[in-house]
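Participant: This is the structure I want to talk about, given as structure tokens.
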Amino acid sequence: MPTSFPPSLLPSPKQCWSHGTCTQKKLVEALANPNITAIESDLVIGSVSNDSLTDSSLMIPIMAHPPDKSSDLSIKSFLQQVTTDDGVLKKHIKLDFKQMKVVSPTFEEIIRQHVRKGLIFLNADILPGPGFKNMMRKDIYNDYYDIHPEEFLQVCLKFLNKFKKELPNLQLVFSIGFKADVLNLQGFSQSHIEKMINLIRDYDLISYGVVLPINARLLVKNVVPFQHFLNVFPNNDNTQLLAWTATGEPPISLRKVKQIKSEFAAVKNNCGLGFDCAVADGVCMGYFYDLAFEAYAIWLLCTYILTDLVLFCNKNWNKILVAGNKVTKQNNHDKTS
């Protein structure tokens with residue numbers, strides 16, 4: 001059954017972002033900068049520091065990126081500062097949920113703060129992507145990134161359906177991505193994208209608007225699945241693809257950015273493509289960063305393989321010794337007979 005697309009709910013993909021806005025200082029700077037059009041902040045459950053009005057032992061939604069568990073900026077204070085007295089958001093905001101238990105309290109705070117007009121991106125990594133198994137080796141993932149796709153979407157839609165009736169001028173759109181390791185040597189497969197497409201269809205997310213954020217270094221390794229993603233929703237202003245580089249990630253070369261643009265332009269579906277990348281200064285620095293990044297990724301993969309080999313040997317050492325002894329005894333028996 002063909003999808004009936006609503007009028008465009010998404011702003012231009014060409015935004016000027018303030019990323020990792022998880023401190024009072026960074027938020028004040030972002031709000032004061034006229035060039036900044038959108039503010040992104042991460043959300044976890046933790047404690048508020050440097051706030052005499054809030055009990056520091058109270059665990060509440062705060063603006064912080066894992067593994068941080070404390071911040072001088074709560075979701076309450078964040079919303080109060082990004083909203084005018086009459087409930088209008090001063091800039092677009094992106095709420096990047098890092099834990100499932102922070103989702104419902106955040107929506108409840110939006111209601112309490114009487115946010116009435118503006119645009120909020122609801123961001124979460126909800127599906128496993130390239131290198132997900134390697135990501136789970138890191139201790140940071142023991143307490144965070146526990147968001148299950150169906151649970152996240154159901155909770156969000158419960159509040160969004162309510163907001164649609166009560167707050168028609170408040171736009172909340174989905175920015176849903178993958179739990180992926182930017183150091184993975186391979187890019188996304190068709191099966192990764194098909195799972196995302198199925199979720200979008202099953203929950204009718206197009207009616208709210210969907211941005212698919214993809215790390216630019218993983219995207220350039222295989223753009224075909226994402227060309228397919230944009231083709232699945234033809235002539236639709238409510239889906240976008242956002243190529244990004246992470247905070248702390250080395251800048252990507254202009255050569256790779258141009259490669260991504262040209263490959264989408266070649267199939268005439270680059271209208272929904274946006275970029276939020278730190279780009280290297282000059283050709284030489286671009287090549288240096290690209291080569292250094294790939295070299296580090298290869299070295300890291302070798303350490304994973306070696307670690308797995310050591311763990312396997314430790315776990316099965318007794319079995320290996322027993323098998324070796326059996327072979328030795330059999331050889332000795334053959335020699336004597």
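Going by the structure tokens order, chains are called A, B, ..., each with residues numbered from 1, while ligands are numbered from 1 in the order shown.
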Find the spatial neighbours of Arg116 (chain A), counting only C-alpha atoms, within a cut-off of 6 Å - ignore same-chain residues fewer than 3 positions away - and output them as a PyMOL selection string.
Facilitator: chain A and resi 87-88+167+170
Participant: Considering only C-alpha atoms, give me a table of residues in region 84-129 of chain A that are at most 10 Å from region 193-208 of chain A, with the closest atom pair and distance in Å for each, as JSON lines.
Facilitator:
{"residue": "A:Ile126", "atom": "CA", "partner": "A:Met196", "partner_atom": "CA", "distance": 9.1}
{"residue": "A:Leu127", "atom": "CA", "partner": "A:Met196", "partner_atom": "CA", "distance": 7.6}
{"residue": "A:Pro128", "atom": "CA", "partner": "A:Lys195", "partner_atom": "CA", "distance": 9.8}
{"residue": "A:Gly129", "atom": "CA", "partner": "A:Ile193", "partner_atom": "CA", "distance": 9.2}
Participant: Limited to all heavy atoms, could you put the picked residues into a file as a compact mmCIF listing (two decimals), in the first residue's frame?
Facilitator:
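Output (result_10.txt):
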# COMPACT_ATOMS: atom_id res chain seq x y z
N ILE A 126 19.60 2.90 18.00
CA ILE A 126 18.64 1.87 18.40
C ILE A 126 18.90 0.50 17.79
O ILE A 126 18.33 -0.49 18.25
CB ILE A 126 17.19 2.31 18.08
CG1 ILE A 126 17.00 2.54 16.58
CG2 ILE A 126 16.83 3.57 18.86
CD1 ILE A 126 15.57 2.85 16.19
N LEU A 127 19.72 0.42 16.75
CA LEU A 127 20.00 -0.86 16.10
C LEU A 127 21.50 -1.13 16.05
O LEU A 127 22.29 -0.19 15.91
CB LEU A 127 19.44 -0.88 14.67
CG LEU A 127 17.92 -0.94 14.51
CD1 LEU A 127 17.54 -0.84 13.04
CD2 LEU A 127 17.36 -2.21 15.11
N PRO A 128 21.91 -2.40 16.15
CA PRO A 128 23.34 -2.71 16.03
C PRO A 128 23.83 -2.48 14.60
O PRO A 128 23.12 -2.80 13.63
CB PRO A 128 23.41 -4.20 16.41
CG PRO A 128 22.04 -4.73 16.20
CD PRO A 128 21.11 -3.59 16.47
N GLY A 129 25.01 -1.90 14.49
CA GLY A 129 25.60 -1.64 13.18
C GLY A 129 26.98 -2.28 13.08
O GLY A 129 27.34 -3.13 13.89
Participant: Pull the helix (DSSP H, G or I) assignments for region 145-326 of chain A out of DSSP run on the backbone, and list those residues as JSON, numbers by chain.
Facilitator: {"A": [149, 150, 151, 152, 153, 154, 155, 156, 157, 158, 159, 160, 161, 162, 163, 164, 165, 166, 190, 191, 192, 193, 194, 195, 196, 197, 198, 199, 200, 201, 202, 205, 206, 207, 216, 217, 218, 219, 224, 225, 226, 227, 228, 229, 230, 231, 232, 254, 255, 256, 257, 258, 259, 260, 261, 262, 263, 264, 265, 266, 283, 284, 285, 286, 287, 288, 289, 290, 291, 292, 293, 294, 295, 296, 297, 298, 299, 300, 301, 302, 303, 304, 305, 306, 307, 308, 309, 310, 311, 312, 313, 314, 315, 317, 318, 319, 320, 321, 322, 323, 324, 325, 326]}
Participant: Between CA of Cys284 (chain A) and CA of Phe188 (chain A), measure the distance and give it in Å to one decimal.
Facilitator: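 Answer for the CA of Cys284 (chain A) to CA of Phe188 (chain A) separation: 27.5 Å.
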Participant: So which residues touch Leu230 (chain A) within 8 Å, counting only C-alpha atoms, skipping near sequence neighbours fewer than 2 positions away, as a ChimeraX atom specification?
Facilitator: /A:226-228,232-234,239-241,269,272
Participant: Any chance you can output those residues with C-alpha atoms as an mmCIF file, in the first residue's frame?
Facilitator:
data_model
loop_
_atom_site.group_PDB
_atom_site.id
_atom_site.type_symbol
_atom_site.label_atom_id
_atom_site.label_comp_id
_atom_site.auth_asym_id
_atom_site.auth_seq_id
_atom_site.Cartn_x
_atom_site.Cartn_y
_atom_site.Cartn_z
ATOM 1 C CA PHE A 226 21.855 4.448 1.910
ATOM 2 C CA GLN A 227 21.067 5.269 -1.691
ATOM 3 C CA HIS A 228 18.489 2.512 -1.350
ATOM 4 C CA VAL A 232 12.524 3.764 -0.586
ATOM 5 C CA PHE A 233 10.924 7.116 0.305
ATOM 6 C CA PRO A 234 10.974 8.924 -3.071
ATOM 7 C CA THR A 239 13.502 11.707 5.437
ATOM 8 C CA GLN A 240 17.089 12.920 5.553
ATOM 9 C CA LEU A 241 20.501 11.326 5.711
ATOM 10 C CA ASN A 269 19.008 11.292 -4.669
ATOM 11 C CA GLY A 272 18.003 14.656 1.468
#
Participant: Neighbours of region 81-83 of chain A within 10 Å (only C-alpha atoms; same-chain residues fewer than 2 positions away dropped), as a JSON list (two decimals) with all heavy atoms, in the first residue's frame?
Facilitator:
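Contents of selection-v6.json, freshly written:
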[["chain", "number", "residue", "atom", "x", "y", "z"],
["A", 24, "GLN", "N", 26.94, 24.04, 31.52],
["A", 24, "GLN", "CA", 26.34, 25.36, 31.56],
["A", 24, "GLN", "C", 27.12, 26.33, 30.67],
["A", 24, "GLN", "O", 26.53, 27.12, 29.92],
["A", 24, "GLN", "CB", 26.30, 25.87, 33.00],
["A", 24, "GLN", "CG", 25.71, 27.25, 33.17],
["A", 24, "GLN", "CD", 24.24, 27.33, 32.79],
["A", 24, "GLN", "OE1", 23.50, 26.39, 32.98],
["A", 24, "GLN", "NE2", 23.84, 28.46, 32.23],
["A", 27, "LEU", "N", 26.43, 25.69, 26.95],
["A", 27, "LEU", "CA", 25.07, 26.08, 26.59],
["A", 27, "LEU", "C", 24.95, 27.59, 26.44],
["A", 27, "LEU", "O", 24.35, 28.09, 25.48],
["A", 27, "LEU", "CB", 24.07, 25.56, 27.62],
["A", 27, "LEU", "CG", 22.60, 25.92, 27.36],
["A", 27, "LEU", "CD1", 22.15, 25.38, 26.01],
["A", 27, "LEU", "CD2", 21.70, 25.39, 28.48],
["A", 28, "VAL", "N", 25.52, 28.34, 27.37],
["A", 28, "VAL", "CA", 25.48, 29.80, 27.31],
["A", 28, "VAL", "C", 26.16, 30.29, 26.03],
["A", 28, "VAL", "O", 25.66, 31.18, 25.33],
["A", 28, "VAL", "CB", 26.15, 30.41, 28.56],
["A", 28, "VAL", "CG1", 26.34, 31.92, 28.38],
["A", 28, "VAL", "CG2", 25.32, 30.13, 29.80],
["A", 30, "ALA", "N", 26.57, 28.61, 23.21],
["A", 30, "ALA", "CA", 25.78, 28.23, 22.03],
["A", 30, "ALA", "C", 24.59, 29.15, 21.84],
["A", 30, "ALA", "O", 24.26, 29.54, 20.70],
["A", 30, "ALA", "CB", 25.32, 26.77, 22.17],
["A", 31, "LEU", "N", 23.92, 29.50, 22.92],
["A", 31, "LEU", "CA", 22.76, 30.38, 22.82],
["A", 31, "LEU", "C", 23.15, 31.80, 22.40],
["A", 31, "LEU", "O", 22.38, 32.50, 21.74],
["A", 31, "LEU", "CB", 22.02, 30.42, 24.16],
["A", 31, "LEU", "CG", 21.27, 29.14, 24.54],
["A", 31, "LEU", "CD1", 20.77, 29.22, 25.98],
["A", 31, "LEU", "CD2", 20.11, 28.87, 23.59],
["A", 39, "ILE", "N", 21.27, 22.95, 18.70],
["A", 39, "ILE", "CA", 22.05, 22.55, 19.88],
["A", 39, "ILE", "C", 21.81, 21.07, 20.17],
["A", 39, "ILE", "O", 20.66, 20.64, 20.29],
["A", 39, "ILE", "CB", 21.66, 23.39, 21.11],
["A", 39, "ILE", "CG1", 22.00, 24.87, 20.87],
["A", 39, "ILE", "CG2", 22.37, 22.89, 22.36],
["A", 39, "ILE", "CD1", 21.50, 25.79, 21.97],
["A", 75, "ILE", "N", 18.24, 18.39, 32.81],
["A", 75, "ILE", "CA", 17.31, 18.59, 31.70],
["A", 75, "ILE", "C", 16.35, 19.75, 32.01],
["A", 75, "ILE", "O", 15.98, 20.52, 31.12],
["A", 75, "ILE", "CB", 16.53, 17.29, 31.39],
["A", 75, "ILE", "CG1", 15.59, 17.50, 30.19],
["A", 75, "ILE", "CG2", 15.73, 16.83, 32.59],
["A", 75, "ILE", "CD1", 16.27, 17.86, 28.89],
["A", 76, "LYS", "N", 16.00, 19.90, 33.27],
["A", 76, "LYS", "CA", 15.13, 21.00, 33.66],
["A", 76, "LYS", "C", 15.78, 22.35, 33.37],
["A", 76, "LYS", "O", 15.17, 23.22, 32.74],
["A", 76, "LYS", "CB", 14.78, 20.89, 35.14],
["A", 76, "LYS", "CG", 13.93, 22.04, 35.67],
["A", 76, "LYS", "CD", 13.64, 21.87, 37.17],
["A", 76, "LYS", "CE", 12.83, 23.03, 37.72],
["A", 76, "LYS", "NZ", 12.56, 22.87, 39.17],
["A", 77, "SER", "N", 17.02, 22.51, 33.81],
["A", 77, "SER", "CA", 17.73, 23.77, 33.58],
["A", 77, "SER", "C", 17.98, 23.99, 32.10],
["A", 77, "SER", "O", 17.87, 25.12, 31.59],
["A", 77, "SER", "CB", 19.05, 23.76, 34.35],
["A", 77, "SER", "OG", 19.77, 24.94, 34.12],
["A", 78, "PHE", "N", 18.31, 22.93, 31.38],
["A", 78, "PHE", "CA", 18.56, 23.01, 29.94],
["A", 78, "PHE", "C", 17.33, 23.55, 29.22],
["A", 78, "PHE", "O", 17.41, 24.51, 28.43],
["A", 78, "PHE", "CB", 18.94, 21.63, 29.41],
["A", 78, "PHE", "CG", 19.17, 21.58, 27.93],
["A", 78, "PHE", "CD1", 20.43, 21.86, 27.40],
["A", 78, "PHE", "CD2", 18.14, 21.24, 27.05],
["A", 78, "PHE", "CE1", 20.65, 21.79, 26.02],
["A", 78, "PHE", "CE2", 18.35, 21.17, 25.69],
["A", 78, "PHE", "CZ", 19.60, 21.46, 25.17],
["A", 79, "LEU", "N", 16.17, 22.96, 29.49],
["A", 79, "LEU", "CA", 14.94, 23.38, 28.81],
["A", 79, "LEU", "C", 14.55, 24.80, 29.19],
["A", 79, "LEU", "O", 14.04, 25.56, 28.36],
["A", 79, "LEU", "CB", 13.81, 22.41, 29.14],
["A", 79, "LEU", "CG", 13.93, 21.01, 28.53],
["A", 79, "LEU", "CD1", 12.84, 20.09, 29.06],
["A", 79, "LEU", "CD2", 13.87, 21.08, 27.00],
["A", 85, "ASP", "N", 10.11, 32.86, 27.46],
["A", 85, "ASP", "CA", 9.07, 32.91, 28.48],
["A", 85, "ASP", "C", 7.71, 32.42, 27.98],
["A", 85, "ASP", "O", 6.89, 31.92, 28.76],
["A", 85, "ASP", "CB", 8.92, 34.34, 29.02],
["A", 85, "ASP", "CG", 10.14, 34.77, 29.81],
["A", 85, "ASP", "OD1", 10.89, 33.88, 30.27],
["A", 85, "ASP", "OD2", 10.34, 35.99, 29.96],
["A", 86, "ASP", "N", 7.47, 32.56, 26.67],
["A", 86, "ASP", "CA", 6.18, 32.10, 26.13],
["A", 86, "ASP", "C", 6.27, 30.70, 25.51],
["A", 86, "ASP", "O", 5.42, 30.31, 24.72],
["A", 86, "ASP", "CB", 5.63, 33.10, 25.11],
["A", 86, "ASP", "CG", 6.64, 33.42, 24.02],
["A", 86, "ASP", "OD1", 7.79, 32.96, 24.10],
["A", 86, "ASP", "OD2", 6.27, 34.15, 23.07],
["A", 87, "GLY", "N", 7.34, 29.95, 25.87],
["A", 87, "GLY", "CA", 7.42, 28.54, 25.49],
["A", 87, "GLY", "C", 7.96, 28.24, 24.11],
["A", 87, "GLY", "O", 7.75, 27.14, 23.60],
["A", 88, "VAL", "N", 8.66, 29.18, 23.48],
["A", 88, "VAL", "CA", 9.22, 28.98, 22.14],
["A", 88, "VAL", "C", 10.70, 28.63, 22.25],
["A", 88, "VAL", "O", 11.46, 29.33, 22.94],
["A", 88, "VAL", "CB", 9.02, 30.23, 21.27],
["A", 88, "VAL", "CG1", 9.62, 30.01, 19.88],
["A", 88, "VAL", "CG2", 7.55, 30.60, 21.18],
["A", 89, "LEU", "N", 11.12, 27.57, 21.57],
["A", 89, "LEU", "CA", 12.52, 27.20, 21.57],
["A", 89, "LEU", "C", 13.34, 28.24, 20.81],
["A", 89, "LEU", "O", 12.97, 28.66, 19.71],
["A", 89, "LEU", "CB", 12.72, 25.82, 20.92],
["A", 89, "LEU", "CG", 12.19, 24.63, 21.72],
["A", 89, "LEU", "CD1", 12.25, 23.35, 20.88],
["A", 89, "LEU", "CD2", 12.99, 24.44, 23.01],
["A", 90, "LYS", "N", 14.47, 28.64, 21.39],
["A", 90, "LYS", "CA", 15.30, 29.67, 20.77],
["A", 90, "LYS", "C", 16.07, 29.14, 19.56],
["A", 90, "LYS", "O", 16.39, 29.89, 18.65],
["A", 90, "LYS", "CB", 16.29, 30.21, 21.81],
["A", 90, "LYS", "CG", 15.61, 30.84, 23.02],
["A", 90, "LYS", "CD", 16.62, 31.22, 24.09],
["A", 90, "LYS", "CE", 15.92, 31.80, 25.32],
["A", 90, "LYS", "NZ", 16.89, 32.11, 26.41],
["A", 91, "LYS", "N", 16.37, 27.84, 19.55],
["A", 91, "LYS", "CA", 17.05, 27.19, 18.44],
["A", 91, "LYS", "C", 16.52, 25.76, 18.35],
["A", 91, "LYS", "O", 15.86, 25.27, 19.28],
["A", 91, "LYS", "CB", 18.57, 27.16, 18.65],
["A", 91, "LYS", "CG", 19.22, 28.54, 18.81],
["A", 91, "LYS", "CD", 20.72, 28.42, 19.11],
["A", 91, "LYS", "CE", 21.34, 29.78, 19.44],
["A", 91, "LYS", "NZ", 21.55, 30.63, 18.25],
["A", 92, "HIS", "N", 16.79, 25.07, 17.23],
["A", 92, "HIS", "CA", 16.49, 23.65, 17.19],
["A", 92, "HIS", "C", 17.33, 22.95, 18.25],
["A", 92, "HIS", "O", 18.48, 23.33, 18.50],
["A", 92, "HIS", "CB", 16.84, 23.06, 15.82],
["A", 92, "HIS", "CG", 16.13, 23.70, 14.67],
["A", 92, "HIS", "ND1", 14.82, 24.12, 14.73],
["A", 92, "HIS", "CD2", 16.56, 23.99, 13.41],
["A", 92, "HIS", "CE1", 14.47, 24.63, 13.57],
["A", 92, "HIS", "NE2", 15.50, 24.58, 12.76],
["A", 93, "ILE", "N", 16.79, 21.90, 18.85],
["A", 93, "ILE", "CA", 17.58, 21.14, 19.82],
["A", 93, "ILE", "C", 17.50, 19.65, 19.48],
["A", 93, "ILE", "O", 16.50, 19.16, 18.94],
["A", 93, "ILE", "CB", 17.15, 21.38, 21.28],
["A", 93, "ILE", "CG1", 15.73, 20.88, 21.54],
["A", 93, "ILE", "CG2", 17.29, 22.85, 21.65],
["A", 93, "ILE", "CD1", 15.35, 20.91, 23.02],
["A", 113, "GLN", "N", 7.80, 22.14, 31.64],
["A", 113, "GLN", "CA", 8.41, 23.42, 31.27],
["A", 113, "GLN", "C", 7.59, 24.18, 30.23],
["A", 113, "GLN", "O", 8.01, 25.25, 29.77],
["A", 113, "GLN", "CB", 9.84, 23.20, 30.77],
["A", 113, "GLN", "CG", 10.79, 22.64, 31.82],
["A", 113, "GLN", "CD", 10.83, 23.49, 33.08],
["A", 113, "GLN", "OE1", 10.82, 24.72, 33.03],
["A", 113, "GLN", "NE2", 10.87, 22.82, 34.23],
["A", 114, "HIS", "N", 6.45, 23.62, 29.83],
["A", 114, "HIS", "CA", 5.52, 24.29, 28.91],
["A", 114, "HIS", "C", 6.20, 24.68, 27.60],
["A", 114, "HIS", "O", 6.02, 25.80, 27.10],
["A", 114, "HIS", "CB", 4.92, 25.53, 29.57],
["A", 114, "HIS", "CG", 4.23, 25.24, 30.87],
["A", 114, "HIS", "ND1", 3.06, 24.50, 30.96],
["A", 114, "HIS", "CD2", 4.58, 25.55, 32.16],
["A", 114, "HIS", "CE1", 2.71, 24.39, 32.23],
["A", 114, "HIS", "NE2", 3.60, 25.00, 32.98],
["A", 115, "VAL", "N", 7.01, 23.76, 27.06],
["A", 115, "VAL", "CA", 7.61, 24.00, 25.74],
["A", 115, "VAL", "C", 6.50, 23.84, 24.71],
["A", 115, "VAL", "O", 5.92, 22.76, 24.56],
["A", 115, "VAL", "CB", 8.75, 23.00, 25.47],
["A", 115, "VAL", "CG1", 9.40, 23.31, 24.12],
["A", 115, "VAL", "CG2", 9.79, 23.06, 26.59],
["A", 116, "ARG", "N", 6.20, 24.91, 23.99],
["A", 116, "ARG", "CA", 5.01, 24.91, 23.13],
["A", 116, "ARG", "C", 5.33, 24.97, 21.64],
["A", 116, "ARG", "O", 4.52, 24.53, 20.81],
["A", 116, "ARG", "CB", 4.12, 26.11, 23.48],
["A", 116, "ARG", "CG", 3.68, 26.15, 24.93],
["A", 116, "ARG", "CD", 2.80, 27.35, 25.22],
["A", 116, "ARG", "NE", 2.50, 27.46, 26.63],
["A", 116, "ARG", "CZ", 1.57, 26.75, 27.26],
["A", 116, "ARG", "NH1", 0.87, 25.88, 26.58],
["A", 116, "ARG", "NH2", 1.35, 26.90, 28.55],
["A", 117, "LYS", "N", 6.48, 25.51, 21.27],
["A", 117, "LYS", "CA", 6.74, 25.73, 19.85],
["A", 117, "LYS", "C", 8.22, 25.58, 19.56],
["A", 117, "LYS", "O", 9.08, 26.01, 20.33],
["A", 117, "LYS", "CB", 6.26, 27.13, 19.44],
["A", 117, "LYS", "CG", 6.33, 27.39, 17.94],
["A", 117, "LYS", "CD", 5.75, 28.76, 17.61],
["A", 117, "LYS", "CE", 5.79, 29.02, 16.11],
["A", 117, "LYS", "NZ", 5.22, 30.35, 15.75],
["A", 118, "GLY", "N", 8.52, 24.96, 18.40],
["A", 118, "GLY", "CA", 9.91, 24.74, 18.00],
["A", 118, "GLY", "C", 10.10, 23.33, 17.52],
["A", 118, "GLY", "O", 9.14, 22.59, 17.29]]
Participant: What's the 7 Å shell around Gly209 (chain A), counting only C-alpha atoms, without same-chain residues fewer than 5 positions away, as a PyMOL selection string?
Facilitator: chain A and resi 9-10+173-174+238-239
Participant: Keeping N, CA and C atoms for every residue in the selection just given, could you write it to a file as an mmCIF file, in the first residue's frame?
Facilitator:
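Output contents, as saved in out31.cif:
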data_model
loop_
_atom_site.group_PDB
_atom_site.id
_atom_site.type_symbol
_atom_site.label_atom_id
_atom_site.label_comp_id
_atom_site.auth_asym_id
_atom_site.auth_seq_id
_atom_site.Cartn_x
_atom_site.Cartn_y
_atom_site.Cartn_z
ATOM 1 N N LEU A 9 8.208 18.113 7.462
ATOM 2 C CA LEU A 9 8.335 18.393 8.889
ATOM 3 C C LEU A 9 9.769 18.707 9.268
ATOM 4 N N LEU A 10 10.690 18.489 8.343
ATOM 5 C CA LEU A 10 12.106 18.612 8.664
ATOM 6 C C LEU A 10 12.674 19.943 8.188
ATOM 7 N N VAL A 173 10.767 15.209 15.917
ATOM 8 C CA VAL A 173 11.083 14.300 14.808
ATOM 9 C C VAL A 173 12.146 13.304 15.274
ATOM 10 N N PHE A 174 12.196 12.176 14.597
ATOM 11 C CA PHE A 174 13.108 11.110 14.991
ATOM 12 C C PHE A 174 14.460 11.251 14.299
ATOM 13 N N ASN A 238 10.385 14.263 4.242
ATOM 14 C CA ASN A 238 10.387 13.882 5.654
ATOM 15 C C ASN A 238 11.413 12.825 6.009
ATOM 16 N N THR A 239 12.349 12.548 5.116
ATOM 17 C CA THR A 239 13.502 11.707 5.437
ATOM 18 C C THR A 239 14.773 12.420 5.003
#
